[in-house]
Amino acid sequence: MSFADAAAVMPPRPRARRDSFTLWITGSAWLSASLAGLILLTLAVQSAPAIRQAGGTMLSVQWLPSAGQYGIIPMVFGSLVVMAIAMTIALPVGVMAAVQLSQIKSLKTRRFVKALLEGLAGIPSIVYGLIGVSFLSVFVADIFDLQTGRVIFTAGLLLSVMILPTILTLSEDAISAVPNALTQNAAALGLYRFEIFRSAVLPSAAPHILGAGLLALGRALGETMAVMLIIGSLDRLPSPLWNVLSSGQTITSKLGREVGESAFGSVHFSALIFSALILVIITLSLTIAAQILFARRAKTIGLLHV
């Protein structure tokens with residue numbers, strides 16, 4: 001066998017493998033960043049006609065395409081309020097459920113229960129929307145004596161159920177990752193179990209839990225079908241503003257209803273793309289903030305293990 005034939009059948013050297021793997025990872029990262037930049041650029045270019053022609057009217061509260069008014073404030077307000085309602089409900093419930101889940105001694109049982117809870121994330125959003133229309137909206141209407149339960153509060157309540165698996169899973173991972181030495185030292189000081197969680201475990205896991213909440217916010221902001229079915233889809237601000245029992249609109253529900261009805265290249269279409277650009281910027285900001293918190297959490301855990 002010649003030297004060339006022998007070299008051909010020999011496995012690559014470890015250093016070559018590492019270099020190839022590094023190149024692949026770097027290329028994938030740059031490709032992902034390029035795609036994100038391309039999406040932002042495309043949305044910005046498509047939004048330009050609306051920005052030039054509608055201008056400051058896009059920051060108003062009136063959405064009347066026939067009159068040339070494309071105010072996106074009601075949609076932005078609806079998105080933020082629905083998101084706030086969902087997080088107010090889902091975050092404490094998810095964290096408390098994660099604490100309870102972390103107390104299960106049997107690893108097999110914990111994984112089984114966690115898998116069942118995570119199964120909620122695999123249910124299609126249209127199914128959640130149908131449940132919201134047939135049950136949740138009726139329930140809210142009966143409780144608050146409303147003519148219709150398709151209101152902002154119902155949308156936030158349904159979204160809280162949809163983002164609960166994300167918060168629960170990541171929070172449980174954060175709590176389980178707290179070093180045993182920390183809890184053992186707290187127990188040695190005479191703290192009760194509740195005091196250990198309150199004073200040692202939860203503060204240590206707090207950055208990761210907050211990051212989980214930010215990722216869940218991204219899920220809540222991007223949800224379309226379920227919200228569109230139960231929010232009422234009225235292009236106006238509630239009166240008064242804190243009245244979450246009135247119908248409203250989010251950016252995603254607005255896009256879901258009107259993109260197919262607008263002519264490509266029109267100012268109407270461009271205004272919808274501009275609202276999508278706002279949504280992407282908010283979601284990317286939340287994602288970046290979550291990644292920063294995760295990085296700080298990983299650094300903290302590394303220092304504790306040193």
# chains A, B, ... in the order shown; residues from 1 in each chain; ligands from 1

call {"tool": "residues_around", "arguments": {"residues": "A:Pro74", "least_positions_apart": "5", "cutoff": "9 Å", "atoms": "only C-alpha atoms", "output": "tab-separated table (two decimals) with N, CA and C atoms, in the first residue's frame"}}
result
chain	number	residue	atom	x	y	z
A	60	SER	N	-50.48	57.48	15.52
A	60	SER	CA	-51.78	57.89	16.03
A	60	SER	C	-52.58	56.67	16.46
A	61	VAL	N	-53.83	56.89	16.85
A	61	VAL	CA	-54.68	55.80	17.32
A	61	VAL	C	-55.75	55.44	16.30
A	62	GLN	N	-55.72	56.04	15.13
A	62	GLN	CA	-56.73	55.78	14.10
A	62	GLN	C	-56.15	54.88	13.00
A	63	TRP	N	-56.87	53.78	12.72
A	63	TRP	CA	-56.48	52.89	11.62
A	63	TRP	C	-57.65	52.87	10.62
A	79	SER	N	-50.72	44.49	22.25
A	79	SER	CA	-49.67	43.48	22.38
A	79	SER	C	-49.00	43.55	23.74
A	234	LEU	N	-60.64	44.70	17.54
A	234	LEU	CA	-61.11	46.07	17.33
A	234	LEU	C	-59.91	47.01	17.36
A	235	ASP	N	-59.79	47.85	16.32
A	235	ASP	CA	-58.64	48.74	16.19
A	235	ASP	C	-58.84	50.02	17.00
A	236	ARG	N	-58.86	49.87	18.30
A	236	ARG	CA	-59.04	51.04	19.15
A	236	ARG	C	-58.43	50.77	20.53
A	237	LEU	N	-58.15	51.86	21.23
A	237	LEU	CA	-57.66	51.74	22.59
A	237	LEU	C	-58.84	51.53	23.53
A	238	PRO	N	-58.63	50.75	24.60
A	238	PRO	CA	-59.72	50.59	25.58
A	238	PRO	C	-60.06	51.92	26.23
A	248	GLY	N	-59.91	44.27	21.79
A	248	GLY	CA	-58.74	45.02	21.34
A	248	GLY	C	-58.09	44.36	20.14
A	249	GLN	N	-56.82	44.64	19.97
A	249	GLN	CA	-56.08	44.13	18.83
A	249	GLN	C	-54.60	44.05	19.20
A	250	THR	N	-53.93	43.05	18.68
A	250	THR	CA	-52.47	42.97	18.80
A	250	THR	C	-51.85	43.08	17.41
A	251	ILE	N	-50.55	43.25	17.39
A	251	ILE	CA	-49.88	43.33	16.09
A	251	ILE	C	-50.06	42.05	15.30

call {"tool": "closest_residue", "arguments": {"among": "A:Leu64, A:Val99, A:Leu146, A:Ala121", "to": "A:Ala205", "atoms": "only C-alpha atoms"}}
result
A:Val99

call {"tool": "atom_distance", "arguments": {"atom1": "atom CA of A:Ile163", "atom2": "atom CA of A:Gln147"}}
result
27.7 Å

call {"tool": "select_by_dssp", "arguments": {"residues": "stretch 31-218 of chain A", "states": "strand (DSSP E)", "output": "ChimeraX atom specification"}}
result
/A:63-64,69-70

call {"tool": "write_last_selection", "arguments": {"atoms": "N, CA and C atoms", "output": "mmCIF file, in the first residue's frame"}}
result
data_model
loop_
_atom_site.group_PDB
_atom_site.id
_atom_site.type_symbol
_atom_site.label_atom_id
_atom_site.label_comp_id
_atom_site.auth_asym_id
_atom_site.auth_seq_id
_atom_site.Cartn_x
_atom_site.Cartn_y
_atom_site.Cartn_z
ATOM 1 N N TRP A 63 -56.872 53.779 12.720
ATOM 2 C CA TRP A 63 -56.485 52.892 11.616
ATOM 3 C C TRP A 63 -57.646 52.869 10.619
ATOM 4 N N LEU A 64 -57.553 53.712 9.603
ATOM 5 C CA LEU A 64 -58.567 53.799 8.547
ATOM 6 C C LEU A 64 -57.850 53.861 7.206
ATOM 7 N N GLN A 69 -55.141 56.679 7.014
ATOM 8 C CA GLN A 69 -54.675 56.716 8.396
ATOM 9 C C GLN A 69 -54.260 55.302 8.822
ATOM 10 N N TYR A 70 -53.019 55.194 9.328
ATOM 11 C CA TYR A 70 -52.460 53.886 9.680
ATOM 12 C C TYR A 70 -51.824 53.943 11.070
#

call {"tool": "residues_around", "arguments": {"residues": "A:Val280", "least_positions_apart": "6", "cutoff": "10 Å", "atoms": "only C-alpha atoms", "output": "PyMOL selection string"}}
result
chain A and resi 36+39-40+43+218+221-222+274+286

call {"tool": "select_by_dssp", "arguments": {"residues": "stretch 48-248 of chain A", "states": "helix (DSSP H, G or I)", "output": "short mmCIF file (atom, residue, chain, number, x, y, z; two decimals) with N, CA and C atoms, in the first residue's frame"}}
result
data_model
loop_
_atom_site.label_atom_id
_atom_site.label_comp_id
_atom_site.auth_asym_id
_atom_site.auth_seq_id
_atom_site.Cartn_x
_atom_site.Cartn_y
_atom_site.Cartn_z
N ALA A 48 -40.68 51.35 4.05
CA ALA A 48 -40.32 52.70 3.63
C ALA A 48 -41.49 53.47 3.01
N PRO A 49 -42.29 52.88 2.09
CA PRO A 49 -43.40 53.66 1.51
C PRO A 49 -44.38 54.20 2.55
N ALA A 50 -44.71 53.39 3.53
CA ALA A 50 -45.64 53.85 4.57
C ALA A 50 -45.01 54.95 5.41
N ILE A 51 -43.72 54.82 5.71
CA ILE A 51 -43.05 55.85 6.50
C ILE A 51 -43.01 57.17 5.74
N ARG A 52 -42.77 57.11 4.42
CA ARG A 52 -42.70 58.33 3.61
C ARG A 52 -44.07 58.99 3.46
N GLN A 53 -45.10 58.21 3.21
CA GLN A 53 -46.41 58.77 2.89
C GLN A 53 -47.28 59.00 4.12
N GLY A 55 -46.11 58.86 7.44
CA GLY A 55 -45.34 59.67 8.38
C GLY A 55 -45.81 59.56 9.82
N GLY A 56 -46.02 60.72 10.43
CA GLY A 56 -46.38 60.76 11.84
C GLY A 56 -47.75 60.19 12.15
N THR A 57 -48.61 60.05 11.13
CA THR A 57 -49.93 59.48 11.40
C THR A 57 -49.86 58.04 11.85
N MET A 58 -48.73 57.38 11.61
CA MET A 58 -48.59 55.99 12.03
C MET A 58 -48.46 55.89 13.55
N LEU A 59 -48.19 57.00 14.21
CA LEU A 59 -48.10 57.01 15.67
C LEU A 59 -49.40 57.51 16.29
N PRO A 65 -57.53 52.71 6.61
CA PRO A 65 -56.80 52.70 5.34
C PRO A 65 -57.51 53.49 4.24
N SER A 66 -58.85 53.50 4.25
CA SER A 66 -59.58 54.24 3.22
C SER A 66 -59.34 55.74 3.32
N ALA A 67 -59.01 56.23 4.53
CA ALA A 67 -58.75 57.64 4.74
C ALA A 67 -57.25 57.94 4.83
N ILE A 73 -50.71 52.50 17.17
CA ILE A 73 -50.67 52.56 18.63
C ILE A 73 -51.63 51.56 19.28
N PRO A 74 -52.88 51.41 18.81
CA PRO A 74 -53.76 50.42 19.45
C PRO A 74 -53.21 49.00 19.40
N MET A 75 -52.58 48.63 18.29
CA MET A 75 -52.02 47.29 18.17
C MET A 75 -50.82 47.09 19.09
N VAL A 76 -49.94 48.09 19.15
CA VAL A 76 -48.79 48.00 20.05
C VAL A 76 -49.25 47.94 21.50
N PHE A 77 -50.22 48.78 21.84
CA PHE A 77 -50.75 48.78 23.20
C PHE A 77 -51.38 47.43 23.53
N GLY A 78 -52.18 46.88 22.62
CA GLY A 78 -52.80 45.58 22.86
C GLY A 78 -51.78 44.48 23.04
N SER A 79 -50.72 44.49 22.25
CA SER A 79 -49.67 43.48 22.38
C SER A 79 -49.00 43.55 23.74
N LEU A 80 -48.70 44.76 24.19
CA LEU A 80 -48.02 44.92 25.47
C LEU A 80 -48.92 44.54 26.64
N VAL A 81 -50.20 44.89 26.57
CA VAL A 81 -51.12 44.57 27.67
C VAL A 81 -51.36 43.07 27.74
N VAL A 82 -51.59 42.43 26.60
CA VAL A 82 -51.79 40.98 26.58
C VAL A 82 -50.56 40.27 27.12
N MET A 83 -49.40 40.75 26.72
CA MET A 83 -48.15 40.17 27.20
C MET A 83 -48.01 40.34 28.71
N ALA A 84 -48.38 41.51 29.22
CA ALA A 84 -48.27 41.76 30.66
C ALA A 84 -49.22 40.86 31.45
N ILE A 85 -50.44 40.69 30.96
CA ILE A 85 -51.39 39.81 31.64
C ILE A 85 -50.88 38.38 31.67
N ALA A 86 -50.39 37.92 30.52
CA ALA A 86 -49.88 36.54 30.44
C ALA A 86 -48.73 36.31 31.39
N MET A 87 -47.80 37.26 31.47
CA MET A 87 -46.64 37.08 32.34
C MET A 87 -47.03 37.19 33.81
N THR A 88 -47.97 38.07 34.13
CA THR A 88 -48.41 38.21 35.52
C THR A 88 -48.99 36.91 36.06
N ILE A 89 -49.66 36.17 35.20
CA ILE A 89 -50.26 34.90 35.62
C ILE A 89 -49.25 33.76 35.53
N ALA A 90 -48.53 33.67 34.42
CA ALA A 90 -47.71 32.48 34.14
C ALA A 90 -46.41 32.46 34.94
N LEU A 91 -45.79 33.61 35.19
CA LEU A 91 -44.48 33.61 35.83
C LEU A 91 -44.53 33.07 37.27
N PRO A 92 -45.40 33.59 38.15
CA PRO A 92 -45.42 33.02 39.51
C PRO A 92 -45.88 31.57 39.53
N VAL A 93 -46.88 31.23 38.70
CA VAL A 93 -47.35 29.84 38.67
C VAL A 93 -46.25 28.91 38.16
N GLY A 94 -45.55 29.32 37.12
CA GLY A 94 -44.48 28.49 36.57
C GLY A 94 -43.33 28.30 37.53
N VAL A 95 -42.94 29.37 38.22
CA VAL A 95 -41.83 29.27 39.17
C VAL A 95 -42.21 28.39 40.36
N MET A 96 -43.42 28.56 40.88
CA MET A 96 -43.84 27.73 42.01
C MET A 96 -43.96 26.26 41.60
N ALA A 97 -44.46 26.02 40.38
CA ALA A 97 -44.53 24.64 39.90
C ALA A 97 -43.13 24.06 39.71
N ALA A 98 -42.18 24.89 39.26
CA ALA A 98 -40.81 24.42 39.09
C ALA A 98 -40.18 24.08 40.44
N VAL A 99 -40.46 24.89 41.45
CA VAL A 99 -39.95 24.60 42.80
C VAL A 99 -40.50 23.27 43.30
N GLN A 100 -41.81 23.08 43.11
CA GLN A 100 -42.42 21.83 43.55
C GLN A 100 -41.86 20.64 42.77
N LEU A 101 -41.66 20.82 41.48
CA LEU A 101 -41.13 19.74 40.64
C LEU A 101 -39.71 19.37 41.05
N SER A 102 -38.92 20.37 41.42
CA SER A 102 -37.53 20.10 41.81
C SER A 102 -37.44 19.32 43.12
N LEU A 107 -35.65 10.74 40.18
CA LEU A 107 -35.33 11.38 38.91
C LEU A 107 -36.26 10.90 37.81
N LYS A 108 -36.60 9.62 37.82
CA LYS A 108 -37.48 9.08 36.79
C LYS A 108 -38.87 9.71 36.88
N THR A 109 -39.38 9.83 38.09
CA THR A 109 -40.70 10.45 38.27
C THR A 109 -40.68 11.91 37.87
N ARG A 110 -39.59 12.61 38.22
CA ARG A 110 -39.48 14.03 37.87
C ARG A 110 -39.47 14.21 36.36
N ARG A 111 -38.73 13.37 35.66
CA ARG A 111 -38.69 13.49 34.20
C ARG A 111 -40.05 13.19 33.57
N PHE A 112 -40.76 12.22 34.15
CA PHE A 112 -42.07 11.87 33.61
C PHE A 112 -43.05 13.03 33.78
N VAL A 113 -43.09 13.60 34.99
CA VAL A 113 -44.00 14.72 35.25
C VAL A 113 -43.62 15.92 34.40
N LYS A 114 -42.33 16.17 34.27
CA LYS A 114 -41.87 17.31 33.47
C LYS A 114 -42.23 17.12 32.00
N ALA A 115 -42.12 15.89 31.51
CA ALA A 115 -42.49 15.63 30.11
C ALA A 115 -43.98 15.86 29.88
N LEU A 116 -44.80 15.49 30.85
CA LEU A 116 -46.24 15.73 30.71
C LEU A 116 -46.54 17.23 30.66
N LEU A 117 -45.88 17.99 31.52
CA LEU A 117 -46.11 19.43 31.54
C LEU A 117 -45.58 20.09 30.28
N GLU A 118 -44.43 19.63 29.79
CA GLU A 118 -43.87 20.19 28.57
C GLU A 118 -44.71 19.84 27.35
N GLY A 119 -45.54 18.80 27.47
CA GLY A 119 -46.41 18.44 26.35
C GLY A 119 -47.39 19.53 25.99
N LEU A 120 -47.66 20.45 26.92
CA LEU A 120 -48.53 21.58 26.62
C LEU A 120 -47.96 22.44 25.50
N ALA A 121 -46.63 22.50 25.42
CA ALA A 121 -46.00 23.33 24.39
C ALA A 121 -46.17 22.75 22.99
N GLY A 122 -46.45 21.45 22.90
CA GLY A 122 -46.59 20.82 21.59
C GLY A 122 -47.98 20.90 21.01
N SER A 125 -51.36 25.97 18.16
CA SER A 125 -52.01 27.19 18.65
C SER A 125 -53.47 27.28 18.22
N ILE A 126 -53.81 26.69 17.07
CA ILE A 126 -55.20 26.73 16.64
C ILE A 126 -56.09 25.96 17.62
N VAL A 127 -55.54 24.89 18.21
CA VAL A 127 -56.30 24.13 19.21
C VAL A 127 -56.53 24.99 20.44
N TYR A 128 -55.50 25.70 20.88
CA TYR A 128 -55.68 26.62 21.99
C TYR A 128 -56.74 27.67 21.66
N GLY A 129 -56.70 28.17 20.43
CA GLY A 129 -57.67 29.17 20.02
C GLY A 129 -59.09 28.65 20.06
N LEU A 130 -59.29 27.43 19.60
CA LEU A 130 -60.63 26.84 19.62
C LEU A 130 -61.11 26.61 21.05
N ILE A 131 -60.19 26.18 21.93
CA ILE A 131 -60.55 26.03 23.34
C ILE A 131 -60.91 27.38 23.94
N GLY A 132 -60.17 28.41 23.54
CA GLY A 132 -60.47 29.75 24.04
C GLY A 132 -61.83 30.24 23.59
N VAL A 133 -62.19 29.96 22.32
CA VAL A 133 -63.48 30.40 21.79
C VAL A 133 -64.64 29.63 22.43
N SER A 134 -64.48 28.31 22.54
CA SER A 134 -65.59 27.48 22.99
C SER A 134 -65.75 27.42 24.51
N PHE A 135 -64.67 27.66 25.24
CA PHE A 135 -64.76 27.52 26.70
C PHE A 135 -64.31 28.77 27.44
N LEU A 136 -63.08 29.22 27.18
CA LEU A 136 -62.51 30.29 27.99
C LEU A 136 -63.27 31.60 27.83
N SER A 137 -63.61 31.96 26.60
CA SER A 137 -64.34 33.21 26.39
C SER A 137 -65.72 33.16 27.03
N VAL A 138 -66.38 32.01 26.97
CA VAL A 138 -67.69 31.86 27.62
C VAL A 138 -67.55 31.98 29.14
N PHE A 139 -66.48 31.38 29.67
CA PHE A 139 -66.23 31.44 31.11
C PHE A 139 -66.00 32.88 31.56
N VAL A 140 -65.18 33.63 30.84
CA VAL A 140 -64.90 35.03 31.19
C VAL A 140 -66.17 35.87 31.08
N ALA A 141 -66.97 35.64 30.04
CA ALA A 141 -68.21 36.40 29.89
C ALA A 141 -69.18 36.14 31.03
N ASP A 142 -69.25 34.90 31.50
CA ASP A 142 -70.14 34.58 32.61
C ASP A 142 -69.64 35.17 33.92
N ILE A 143 -68.33 35.10 34.14
CA ILE A 143 -67.77 35.59 35.40
C ILE A 143 -67.94 37.10 35.53
N PHE A 144 -67.67 37.84 34.46
CA PHE A 144 -67.70 39.30 34.51
C PHE A 144 -68.98 39.90 33.93
N ILE A 152 -59.48 41.49 25.79
CA ILE A 152 -58.04 41.48 26.01
C ILE A 152 -57.65 40.54 27.14
N PHE A 153 -58.44 40.55 28.22
CA PHE A 153 -58.12 39.70 29.36
C PHE A 153 -58.14 38.22 28.97
N THR A 154 -59.08 37.81 28.17
CA THR A 154 -59.17 36.41 27.74
C THR A 154 -57.94 36.02 26.94
N ALA A 155 -57.49 36.93 26.06
CA ALA A 155 -56.29 36.64 25.28
C ALA A 155 -55.07 36.48 26.17
N GLY A 156 -54.94 37.35 27.17
CA GLY A 156 -53.82 37.22 28.10
C GLY A 156 -53.89 35.95 28.92
N LEU A 157 -55.10 35.58 29.33
CA LEU A 157 -55.28 34.36 30.12
C LEU A 157 -54.90 33.13 29.31
N LEU A 158 -55.31 33.09 28.06
CA LEU A 158 -54.98 31.95 27.20
C LEU A 158 -53.48 31.90 26.92
N LEU A 159 -52.88 33.05 26.70
CA LEU A 159 -51.43 33.09 26.44
C LEU A 159 -50.64 32.63 27.65
N SER A 160 -51.14 32.90 28.85
CA SER A 160 -50.43 32.45 30.04
C SER A 160 -50.31 30.93 30.08
N VAL A 161 -51.35 30.24 29.62
CA VAL A 161 -51.30 28.78 29.56
C VAL A 161 -50.30 28.33 28.50
N MET A 162 -50.22 29.05 27.40
CA MET A 162 -49.35 28.66 26.29
C MET A 162 -47.87 28.85 26.61
N ILE A 163 -47.54 29.86 27.40
CA ILE A 163 -46.13 30.11 27.72
C ILE A 163 -45.71 29.45 29.02
N LEU A 164 -46.66 28.87 29.75
CA LEU A 164 -46.34 28.24 31.03
C LEU A 164 -45.28 27.13 30.90
N PRO A 165 -45.34 26.24 29.88
CA PRO A 165 -44.30 25.20 29.79
C PRO A 165 -42.89 25.76 29.64
N THR A 166 -42.74 26.85 28.90
CA THR A 166 -41.41 27.45 28.73
C THR A 166 -40.86 27.94 30.06
N ILE A 167 -41.68 28.66 30.81
CA ILE A 167 -41.24 29.18 32.11
C ILE A 167 -40.95 28.04 33.07
N LEU A 168 -41.83 27.05 33.11
CA LEU A 168 -41.67 25.94 34.05
C LEU A 168 -40.40 25.15 33.77
N THR A 169 -40.17 24.80 32.50
CA THR A 169 -39.02 23.97 32.14
C THR A 169 -37.70 24.68 32.45
N LEU A 170 -37.57 25.91 31.98
CA LEU A 170 -36.31 26.63 32.18
C LEU A 170 -36.10 26.99 33.65
N SER A 171 -37.17 27.29 34.36
CA SER A 171 -37.03 27.60 35.79
C SER A 171 -36.61 26.36 36.57
N GLU A 172 -37.19 25.20 36.22
CA GLU A 172 -36.80 23.97 36.91
C GLU A 172 -35.34 23.62 36.62
N ASP A 173 -34.89 23.85 35.38
CA ASP A 173 -33.48 23.63 35.05
C ASP A 173 -32.58 24.54 35.88
N ALA A 174 -33.00 25.80 36.04
CA ALA A 174 -32.19 26.75 36.81
C ALA A 174 -32.12 26.35 38.27
N ILE A 175 -33.25 25.92 38.85
CA ILE A 175 -33.27 25.53 40.26
C ILE A 175 -32.45 24.27 40.48
N SER A 176 -32.56 23.31 39.55
CA SER A 176 -31.81 22.06 39.68
C SER A 176 -30.31 22.27 39.50
N ASN A 180 -25.18 21.96 45.04
CA ASN A 180 -25.61 21.37 46.30
C ASN A 180 -24.90 22.00 47.50
N ALA A 181 -23.66 22.44 47.26
CA ALA A 181 -22.91 23.05 48.37
C ALA A 181 -23.63 24.28 48.91
N LEU A 182 -24.30 25.02 48.04
CA LEU A 182 -25.01 26.22 48.48
C LEU A 182 -26.17 25.86 49.40
N THR A 183 -26.95 24.87 49.01
CA THR A 183 -28.09 24.46 49.84
C THR A 183 -27.62 23.79 51.12
N GLN A 184 -26.54 23.02 51.03
CA GLN A 184 -26.03 22.36 52.23
C GLN A 184 -25.49 23.38 53.23
N ASN A 185 -24.82 24.40 52.75
CA ASN A 185 -24.32 25.44 53.65
C ASN A 185 -25.48 26.19 54.31
N ALA A 186 -26.54 26.44 53.52
CA ALA A 186 -27.70 27.13 54.09
C ALA A 186 -28.38 26.27 55.14
N ALA A 187 -28.46 24.95 54.88
CA ALA A 187 -29.05 24.04 55.87
C ALA A 187 -28.20 23.96 57.13
N ALA A 188 -26.87 24.02 56.95
CA ALA A 188 -25.97 23.97 58.10
C ALA A 188 -26.12 25.19 59.00
N ARG A 193 -36.48 24.64 55.16
CA ARG A 193 -36.50 24.39 53.72
C ARG A 193 -37.02 25.61 52.95
N PHE A 194 -38.09 26.23 53.45
CA PHE A 194 -38.62 27.41 52.78
C PHE A 194 -37.59 28.53 52.78
N GLU A 195 -36.90 28.71 53.89
CA GLU A 195 -35.90 29.77 53.98
C GLU A 195 -34.72 29.49 53.05
N ILE A 196 -34.38 28.21 52.87
CA ILE A 196 -33.30 27.86 51.95
C ILE A 196 -33.67 28.26 50.52
N PHE A 197 -34.89 27.96 50.13
CA PHE A 197 -35.33 28.32 48.78
C PHE A 197 -35.42 29.83 48.61
N ARG A 198 -35.94 30.50 49.64
CA ARG A 198 -36.14 31.94 49.51
C ARG A 198 -34.83 32.70 49.56
N SER A 199 -33.90 32.29 50.40
CA SER A 199 -32.68 33.06 50.64
C SER A 199 -31.47 32.57 49.86
N ALA A 200 -31.50 31.33 49.37
CA ALA A 200 -30.31 30.79 48.70
C ALA A 200 -30.61 30.32 47.27
N VAL A 201 -31.59 29.45 47.13
CA VAL A 201 -31.83 28.83 45.82
C VAL A 201 -32.40 29.83 44.82
N LEU A 202 -33.50 30.49 45.18
CA LEU A 202 -34.14 31.40 44.24
C LEU A 202 -33.26 32.59 43.86
N PRO A 203 -32.55 33.24 44.80
CA PRO A 203 -31.64 34.31 44.36
C PRO A 203 -30.56 33.83 43.40
N SER A 204 -30.07 32.60 43.62
CA SER A 204 -29.05 32.08 42.72
C SER A 204 -29.61 31.78 41.33
N ALA A 205 -30.85 31.31 41.29
CA ALA A 205 -31.47 30.96 40.00
C ALA A 205 -32.21 32.12 39.36
N ALA A 206 -32.30 33.25 40.03
CA ALA A 206 -33.11 34.37 39.55
C ALA A 206 -32.75 34.85 38.15
N PRO A 207 -31.45 35.02 37.80
CA PRO A 207 -31.16 35.48 36.43
C PRO A 207 -31.68 34.52 35.36
N HIS A 208 -31.55 33.23 35.61
CA HIS A 208 -32.03 32.25 34.63
C HIS A 208 -33.55 32.25 34.57
N ILE A 209 -34.21 32.41 35.70
CA ILE A 209 -35.67 32.47 35.72
C ILE A 209 -36.15 33.71 34.98
N LEU A 210 -35.47 34.83 35.17
CA LEU A 210 -35.83 36.05 34.45
C LEU A 210 -35.60 35.87 32.95
N GLY A 211 -34.52 35.18 32.60
CA GLY A 211 -34.29 34.89 31.19
C GLY A 211 -35.37 34.01 30.61
N ALA A 212 -35.85 33.05 31.39
CA ALA A 212 -36.96 32.21 30.95
C ALA A 212 -38.21 33.05 30.70
N GLY A 213 -38.42 34.01 31.57
CA GLY A 213 -39.56 34.90 31.38
C GLY A 213 -39.44 35.73 30.12
N LEU A 214 -38.24 36.18 29.80
CA LEU A 214 -38.05 36.96 28.59
C LEU A 214 -38.27 36.12 27.34
N LEU A 215 -37.79 34.88 27.35
CA LEU A 215 -38.05 34.00 26.22
C LEU A 215 -39.55 33.71 26.08
N ALA A 216 -40.23 33.56 27.20
CA ALA A 216 -41.67 33.34 27.16
C ALA A 216 -42.38 34.58 26.61
N LEU A 217 -41.85 35.76 26.90
CA LEU A 217 -42.42 36.98 26.35
C LEU A 217 -42.33 36.98 24.82
N GLY A 218 -41.20 36.50 24.30
CA GLY A 218 -41.07 36.39 22.86
C GLY A 218 -42.12 35.48 22.26
N ARG A 219 -42.40 34.36 22.95
CA ARG A 219 -43.45 33.45 22.49
C ARG A 219 -44.81 34.15 22.53
N ALA A 220 -45.06 34.90 23.60
CA ALA A 220 -46.34 35.58 23.73
C ALA A 220 -46.52 36.65 22.66
N LEU A 221 -45.46 37.38 22.36
CA LEU A 221 -45.55 38.43 21.35
C LEU A 221 -45.79 37.86 19.96
N GLY A 222 -45.23 36.70 19.69
CA GLY A 222 -45.34 36.14 18.35
C GLY A 222 -46.56 35.29 18.10
N MET A 225 -52.60 32.96 15.88
CA MET A 225 -53.91 32.37 15.64
C MET A 225 -54.79 32.35 16.88
N ALA A 226 -54.24 31.88 18.01
CA ALA A 226 -55.05 31.80 19.22
C ALA A 226 -55.54 33.17 19.67
N VAL A 227 -54.65 34.16 19.62
CA VAL A 227 -55.02 35.51 20.03
C VAL A 227 -56.05 36.10 19.07
N MET A 228 -55.86 35.87 17.78
CA MET A 228 -56.76 36.44 16.78
C MET A 228 -58.20 35.96 16.96
N LEU A 229 -58.36 34.74 17.46
CA LEU A 229 -59.69 34.18 17.59
C LEU A 229 -60.46 34.72 18.80
N ILE A 230 -59.74 35.21 19.82
CA ILE A 230 -60.44 35.53 21.06
C ILE A 230 -60.26 36.96 21.55
#
